[in-house]
Amino acid sequence: MTTNQNLFAALRAQFPADLDATAVETDNGLFYTWRDLDHATARMANLLASLNLPAGARVAVQVEKSVEAMVLYLATLRAGYVFLPLNTAYQSAEIEYFIGNAEPAVVVCSAANFGWVSKIAFKAGTAHVFTLNDDRTGSLLERAAHFGDQHEVAPCAADDLAAILYTSGTTGRSKGAMLSHGNMLSNAVMLKDYWGWQPGDVLIHALPIFHVHGLFVAIHGALINGSKMIWLAKFDPKLVIRKMPEATVFMGVPTLYVRLLADPGLTREAASHMRLFIAGSAPLLIETFKEWQDRTGHTILERYGMSETIMLTSNPYVADARHGGQAERRGGTVGFPLPGVSLRVQSDEGAALPVGEIGGIQVKGPNVFKGYWRMPEKTAEEFTADGFFKTGDVGKVDERGYVTIVGRAKDLIISGGYNVYPAEIESYINEMPGVAESALVGVPHPDFGEVGVAVVIAKPGATVEAAQVITTLKGQLANFKIPKHCYVVAELPRNTMGKVQKNLLRDQYKTLFA
Ligand code: MCA
Ligand code: AMP
């Protein structure tokens with residue numbers, strides 16, 4: 001007999017025996033027990049099941065962070081459907097693309113956005129649109145309240161889809177990375193061990209829940225250890241510091257660490273109850289790593305992952321026997337390939353590179369995704385003949401096995417942990433009246449790590465106002481994608497092939513926010 005490979009079944013199996021213990025405590029004074037999570041996910045799963053959705057139906061969700069939003073994610077798994085989280089910053093053109101591409105059977109949005117989101121959804125053929133607000137109201141909860149709190153977890157095979165995460169990978173339009181129950185479960189089980197999750201651990205959850213970091217790494221980590229979460233609707237450095245004496249684990253993108261360090265309340269004493277600080281999603285500057293050590297006495301554990309792969313590498317929590325028992329977390333590196341993950345560095349020509357040499361990072365393992373949603377050719381392009389996924393990240397492996405990421409082959413800017421694809425922003429700028437061409441480049445920024453700067457050339461005889469470019473984009477795209485500065489210039493630097501030399505632009509503007 002095969003066992004149910006549904007990720008929810010595995011998470012549920014680790015709920016503590018005392019179901020009346022607190023599972024989630026929120027920043028507005030609410031307490032949810034493990035029984036509450038079980039019953040709420042059952043009700044919502046029963047509601048989804050009652051809709052008679054086809055197998056593999058997508059549930060697309062754009063809602064503010066709340067425990068009920070997490071319950072919706074877990075209920076979608078529980079019912080055996082596919083979860084599609086969407087950043088709350090996305091505006092109508094972005095949502096129209098995702099919904100049009102994924103063709104979800106169910107869309108859930110906040111009541112405030114129901115008008116425009118439901119219009120897009122119904123046009124795309126979505127059968128059901130519900131609302132869910134961050135104050136425990138909305139039609140989804142009203143409907144779910146009519147259903148029972150018992151539900152048998154839907155049977156799933158390891159290869160069945162659990163989630164689709166939109167990402168642009170290397171170039172072009174956003175692609176839906178298809179993650180299976182097996183991808184997520186294997187990663188969660190391995191990380192529980194690798195990061196030394198312990199009885200009594202408490203996680204401060206301060207990240208958004210529409211990307212891998214907050215939705216999978218953090219939530220799965222706590223649930224599969226039966227650990228309580230202190231749930232913050234938004235990241236607030238003062239609140240995180242105030243909660244540290246009640247917690248043991250924190251996960252954040254580098255910007256969160258930079259902002260915590262800017263608060264004088266972050267002291268050795270404030271962090272003394274904490275066991276582990278984990279950083280990822282973007283490069284953690286060595287200065288931040290060292291300052292954190294000096295201020296708190298803790299060494300941040302940096303790890304590296306992708307939407308397509310969940311977690312790939314990590315600095316060690318304790319001595320890693322595979323590497324001569326070294327326990328050291330090395331700043332500036334992303335640590336070792338995680339157990340089960342094969343990682344290699346290759347030249348552009350496909351040759352394996354020796355220790356210390358820089359090339360494209362390729363990976364293989366049970367965590368690596370099933371491919372891009374309805375894009376078989378694109379999927380094939382991103383895998384090598386022997387089944388390794390080309391990450392688009394450029395790096396090296398040293399003689400001790402530590403992986404360092406030195407850059408990206410893909411034209412991607414990571415700003416405060418969010419991805420910005422220059423081609424997308426450039427296409428919007430190029431549509432504006434009077435614009436001949438544009439280039440978006442990432443430059444260093446003290447808070448967001450990296451931000452976009454737009455460089456624009458006008459058509460002969462036309463005038464383009466930099467401020468107008470920014471204002472126009474603000475009405476069209478998610479706020480984090482808006483360039484922090486725009487220059488209108490006479491020409492763009494080009495190589496002999498006529499291609500814009502973005503490296504020269506990056507160099508020219510690198511001290512803009514210094
Ligand atoms: C907000 N703003 C930003 C960003 N966030 N600008 C650039 N980059 C950003 N990330 C701008 C807004 O546009 C706005 O500008 C102003 O800042 C205030 O917006 P607000 O939303 O209030 O900002 P905030 O609350 O201070 O947010 C900053 C933040 C947030 C907390 C750092 O960006 C965040 O939660 N980032 C984490 C993202 C994350 O979870 N990534 C994980 C991806 P204006 O006022 O001009 O409109 S998962 C992943 O990458 C992988 C797989 C992995 O390895 O984990
Ligand atoms: P996403 O498309 O949101 O999944 O972003 C994945 C990308 O984030 C990776 O391909 C890397 O470029 C980057 N990334 C994640 N973690 C790290 C890290 N610790 N250091 C440097 N880059 C990282």
# chains A, B, ... in the order shown; residues from 1 in each chain; ligands from 1
call {"tool": "residues_near_ligand", "arguments": {"ligand": "ligand 1", "cutoff": "7 Å", "atoms": "only C-alpha atoms and all ligand atoms", "output": "VMD selection string"}}
result
chain A and resid 207 to 208 211 to 214 234 to 235 253 255 to 256 280 to 282 304 to 307 310 to 311 415 to 418 448 451 479 to 482
call {"tool": "closest_atom_pairs", "arguments": {"of": "region 392-431 of chain A", "to": "region 174-192 of chain A", "cutoff": "12 Å", "atoms": "only C-alpha atoms", "output": "JSON lines"}}
result
{"residue": "A:Asn419", "atom": "CA", "partner": "A:Ser174", "partner_atom": "CA", "distance": 11.1}
{"residue": "A:Val420", "atom": "CA", "partner": "A:Ser174", "partner_atom": "CA", "distance": 10.9}
{"residue": "A:Tyr421", "atom": "CA", "partner": "A:Ser174", "partner_atom": "CA", "distance": 9.1}
{"residue": "A:Ala423", "atom": "CA", "partner": "A:Ser174", "partner_atom": "CA", "distance": 10.7}
{"residue": "A:Glu424", "atom": "CA", "partner": "A:Ser174", "partner_atom": "CA", "distance": 9.1}
call {"tool": "closest_residue", "arguments": {"among": "A:Thr333, A:Gln91, A:Thr463, A:Asn367", "to": "ligand 2", "atoms": "only C-alpha atoms and all ligand atoms"}}
result
A:Thr333
call {"tool": "residues_around", "arguments": {"residues": "Arg303 (chain A)", "least_positions_apart": "2", "cutoff": "6 Å", "atoms": "only C-alpha atoms", "output": "compact mmCIF listing (two decimals) with all heavy atoms, in the first residue's frame"}}
result
# COMPACT_ATOMS: atom_id res chain seq x y z
N GLY A 280 18.39 34.92 3.42
CA GLY A 280 18.44 34.45 2.04
C GLY A 280 17.54 35.27 1.15
O GLY A 280 16.96 36.27 1.60
N THR A 313 21.30 25.43 -1.17
CA THR A 313 22.54 25.35 -0.39
C THR A 313 22.30 26.04 0.95
O THR A 313 21.40 26.86 1.08
CB THR A 313 23.72 26.08 -1.06
OG1 THR A 313 23.52 27.50 -0.93
CG2 THR A 313 23.88 25.72 -2.52
N SER A 314 23.15 25.71 1.91
CA SER A 314 23.03 26.37 3.21
C SER A 314 24.36 26.30 3.94
O SER A 314 25.07 25.29 3.85
CB SER A 314 21.95 25.69 4.05
OG SER A 314 21.96 26.20 5.36
N VAL A 334 27.20 30.95 0.46
CA VAL A 334 25.87 30.41 0.73
C VAL A 334 25.98 28.98 1.24
O VAL A 334 25.00 28.24 1.25
CB VAL A 334 24.94 30.52 -0.50
CG1 VAL A 334 24.62 31.99 -0.78
CG2 VAL A 334 25.54 29.85 -1.74
call {"tool": "atom_distance", "arguments": {"atom1": "CA of Ala514 (chain A)", "atom2": "CA of Thr471 (chain A)"}}
result
24.1 Å
call {"tool": "atom_distance", "arguments": {"atom1": "CA of Leu48 (chain A)", "atom2": "CA of Asn225 (chain A)"}}
result
26.9 Å
call {"tool": "select_by_dssp", "arguments": {"residues": "region 210-249 of chain A", "states": "strand (DSSP E or B)", "output": "ChimeraX atom specification"}}
result
/A:228-231,249
call {"tool": "write_last_selection", "arguments": {"atoms": "N, CA and C atoms", "output": "short mmCIF file (atom, residue, chain, number, x, y, z; two decimals), in the first residue's frame"}}
result
data_model
loop_
_atom_site.label_atom_id
_atom_site.label_comp_id
_atom_site.auth_asym_id
_atom_site.auth_seq_id
_atom_site.Cartn_x
_atom_site.Cartn_y
_atom_site.Cartn_z
N LYS A 228 5.46 26.70 17.32
CA LYS A 228 4.60 27.89 17.31
C LYS A 228 5.20 28.98 16.42
N MET A 229 4.32 29.77 15.82
CA MET A 229 4.77 30.94 15.05
C MET A 229 4.26 32.21 15.71
N ILE A 230 5.13 33.20 15.80
CA ILE A 230 4.71 34.55 16.18
C ILE A 230 4.54 35.28 14.85
N TRP A 231 3.30 35.62 14.56
CA TRP A 231 2.91 36.00 13.19
C TRP A 231 2.78 37.51 13.09
N VAL A 249 13.80 31.26 16.46
CA VAL A 249 14.23 31.24 15.05
C VAL A 249 13.64 32.46 14.33
#
call {"tool": "select_by_dssp", "arguments": {"residues": "region 132-169 of chain A", "states": "alpha helix (DSSP H)", "output": "PyMOL selection string"}}
result
chain A and resi 139-144
call {"tool": "closest_residue", "arguments": {"among": "A:Pro237, A:Gly395, A:Gly442, A:Pro376", "to": "ligand 2", "atoms": "only C-alpha atoms and all ligand atoms"}}
result
A:Gly395
